[in-house]
Amino acid sequence: MEEQQLVQLELLCQQLYESQDVQGRAQAEKALVGFTENPDSLPQCQLVLERSQSPYALLLAASTLTKLVTRNTANLSLQDRLQLRNYALQYLGNRLQLSPFVTQALVQLIARITKHGWFDGDKKVFVFRDILDEVGKFLRGSVDHAVIGVQTLQQLVTEMNQAESMRSLAKHRKVASSFRDESLYDIFTLSCTLLRQINVNDESQHSLISWLLKLACACLSFDFIGTSTDESVDDLATVQIPTSWRSVFLDCTTLQLFFNLFHSLQGELAAMSITSLVQLASVRRSLFNNVERTNFLAQLVKGVRSILEQPQTLVDPACYHEFCRLLMRLKSNYQLGELMKLEEYPRLIELVAKFTVSSLQSWQFSANSIHYLLGFWQRLVGSVPYIRSNEPHLLDTYVPEITKAYVTSRLESVETILRENLENPLEDKTVVSQQLEQMATVGRCDYSKTCQLLISLFDQSATGYQELLQAPSPPPQQLALREGQLTWMVYLIGSVIGGRISHANADEYDAMDGQLVCRVLQLMNLTDVHLPQHGCEYLDQAMLHFFEKFRMVYVGDVVQKTSQVYQALSERLGLNDESMVLNVFVTKIVTNLKYWTSSRLIVNKTLQLLNDLSVGYSSVRKLVKLESVQFILENHTPEHFPFLNVTHSNLDMRCRSTFYTALGRLLLVELGEDEERFERFISPMTTTAEHLRTLLSSRHMVTEDELKRTLVGLCRDLRGIAIAFSSRTSYMMLFDWIYPSYTGVILEALGLWYHDPFVTTPVLKLMAELVLNRSQRCQFDVTSPNGILLFREASKTIVSYGERILTLTDIPQDKIYPLKLKGISICFNMLKAALCGNYVNFGVFRLYGDDSLEKALNMFIKLLISIPLKNLLDYPKVSQSYYGLLEALTQDHMEFVSTLEPEVFIYLLSSISEGLIGLDAMVCTGCCSTLDHILTYLFKRLSKTKGLSLSPSHQTAFLSILDHHPHLLQQMLSSVINVIMFENCRNQWSMSRPLLGLILLNEEYFQSLRERVISLQPPERQSAMAACFDNLMDGIQRNLQQRNRDNFTKNLSVFRRDINNSLKEAIPQVQLAYNEMMV
């Protein structure tokens, strides 16, 4: 690289990382692609590292080397990678003043090389496992050197714990497990030792302390057993510390070390100390016996108490947050009964209660941490029914204080928010929902006190609100204050009522629930009267939350109608039975749909409530007897329900399907064979469809947007009805209405706006629903051609859309899914539903020269090959629809598959191979079934020839795959064997079905694979491994008959069990055998 080229590279890097111009950054990135993607860029990157002074150029060089190592591990020799790692270590040691991001990039390079070369060795010596010795040289140097050394170890632990998309999960776990057993314990003890030796008062060493704490936390956060825990639910995480680490945790000095560090450090460093304590508190219970666990818990509680007694140490937000997490983990991992046995328990519970009350009162400073505190109390209260000890748990003393503090702090927050114009916490639906769910349990502790508190505060706010509404011109600020307070009260009442589900002995509290319910319903009557003039969106959202909780507990098939709640409703509101209560629900639903068209959220939640009510067996039969429901069924038009007006562009039109699904269920209860009633119900759609036909013939009459929205609204409505009509009689009414009168209109519109997913998605989903044989509804008479006609329409839709969507080229990658892949995915689902519906004899098409089936299948192939395999796998909905269709196709239409061009069939096999090793269990199972169908067909064709060999006259493009591309089936055989032997195989039975076919069609390769695995075992274990393989094929004949398959499946279960037992004594040779199979 010449000097001028280096200068140009530095300028491009500066433009890429510093420029504010998006187009300029894109041009720079494009110009640098040649450098970063060059597989031979190793010497150029080293040259940049040696000669450049630009930190951005150094970053580019380091990250390019990391990509090079990741992509081309097999192409770089062992010596090249070892030299590169040592060069990076030496480079870091000689340049201590590098920019932090450059240092991090080089450290990541070292970690990636070490991870990818973990099983690489020379003369049975694993050359990359000396990383601890190499880092030790840094630790013996200056503080700056030590920082780099610890940072390298921290990145190495993180890298070993992190799966890569380009490597299989099984390979990642083997490397991670070996690293865990070989080095992780030494790294953790090293971090603890250095933390004990370091001078915490020396600020020059604080950077080193920071990296040591990160290292310790990374070790404790390691995925020890490959569970891949979801970090979003960290309150349930358990640290699966290996038994060999017991001595570290039995020694209480380890726990005390991090408590001491917390008290000695400040700010971020103190918070990092608690982060490690969070992990220590989550150590698996089975690591200790009962006495050891009690001692460990006592030490942990003692440390927590010491922090609570000095609350000033938690002033830092990060420290406060991590401490709240520590409390949550404390209760998650230990039982209330164990805590109660501790001498410290009374003082602990008192201090935590005081801390919680203080935190709740300071709501604006602790919003993200309240979840953990409430979770702590929720779990304590939830444990009370299981306590067998006579010792007082003291929750009756402190939990009511927590409840009161939460309720009053939420009410007080309303005034603060209005006065200071702060963001309303109610905007964050997720946080509010979590807290309300927790309070549902917390509030049930001493429920009488909770109800008294809620009734008192509710009455106070409701009285003030009523007075304001009666005033001629109420002050807006005061009105907003009362509405905000009542919103919280309604949310809380709904939540505590919903908490009854988890308390089987709560009948005594039903009367109290009745008092709360009556108050909310009275408030609803008050607000609905004034809704035409004034409404509060937050308050109505809370009402819907209340109705949903009330429905779950007191409305439905399993509810005792003698409940005290209904008695209270009868006495105070005259609601004598469930039908009258349901009428209140429906009245509220109608009111919301009439007056809240401006709120998408309220409309969606209201329709979801209606949908939920329409599902219950007994409640839906009571609903249809209500005049209000009959009114809806007879008058579902924009005049009565403005949200159905297509001009409301703010509303999500998908809600229309929800509305009509609910109405369809209600109509179905008494519809029977009453075609006249169906015609009355469907009349608004008839009017719309006729209007749409007219508009399409003279499009100048309305705007294109209005025309589109009219079409989309009609398709959404009809799909909702089609979902609900699951009986044969009702489906036939709908089918006769829509075909052939309006399918042509829909198809014409699809051709006009094929490029607009706003139109194509609902149109295609409607057709996909119509061809779906839901609950065997598509049972046509033997004299009826409707099954064939239905498939023809599906074929026309797929072909029409496919021909046009294939003309769209140069679609940006960020828009490829909505503009192309989503529609194709729906077409795949539609074709699968039509093929699997069992209402068409597909042999009829060829017999009578109908090309509908052929056109649909050919269009599927054209659409498929237009999708890069990477896109097919990157989008879950696309992959699931594709693999589902492919399974159906290979099951019943192998004659078509066998006629595909070789490159198309290779694409299919490649996609199956990828699906077999994917993470989606459903996709993997489907791929097994698909592969089994293909292999069975292939084996039968081959078996018809002599000696399983074909003469040229018998060879087809399909069968020639064996000769020209044997590696495809061989790779799948290797993958399946690998999954069975080394991975946590979740679908062993499914894997066994294609495996026998793969073995019989690749006997020589299977024997070579067998010999390779056996040869990589130590001499004393080779005979045992050979016996495993012999037993696998014991009694197996060379056919794919059902009995032979079942025998093979039994043998495979024994084979997998024996292999797993042998792998429990894990040794490097077994790891090498696995590694070689995966290459």
# chains A, B, ... in the order shown; residues from 1 in each chain; ligands from 1

$ residues_around --residues "Leu516 (chain A)" --least-positions-apart "2" --cutoff "9 Å" --atoms "only C-alpha atoms" --output "list in words"
Cys451, Leu454, Ile455, Ile493, Gly494, Ile497, Ala511, Met512, Asp513, Gly514, Cys518, Arg519, Val520 and Leu521 of chain A

$ residues_around --residues "region 713-726 of chain A" --least-positions-apart "5" --cutoff "7 Å" --atoms "only C-alpha atoms" --output "ChimeraX atom specification"
/A:646,653-654,656-658,660-661,664-665,685,731,762-763,766,769-770,774-775,777

$ residues_around --residues "Leu1052 (chain A)" --least-positions-apart "2" --cutoff "9 Å" --atoms "only C-alpha atoms" --output "list in words"
Ile980, Gln988, Trp989, Ser992, Asn1031, Leu1032, Met1033, Asn1047, Phe1048, Thr1049, Lys1050, Val1054, Phe1055, Arg1056 and Arg1057 of chain A

$ atom_distance --atom1 "CA of Pro242 (chain A)" --atom2 "CA of Leu326 (chain A)"
21.6 Å

$ residues_around --residues "region 859-862 of chain A" --least-positions-apart "5" --cutoff "8 Å" --atoms "only C-alpha atoms" --output "list of chain:residue names"
A:Ile798, A:Val799, A:Gly802, A:Glu803, A:Phe828, A:Val904

$ residues_around --residues "Thr114 (chain A)" --least-positions-apart "2" --cutoff "10 Å" --atoms "only C-alpha atoms" --output "number ranges by chain"
A: 81-82, 85, 108-112, 116-120, 127-131, 156, 159-160
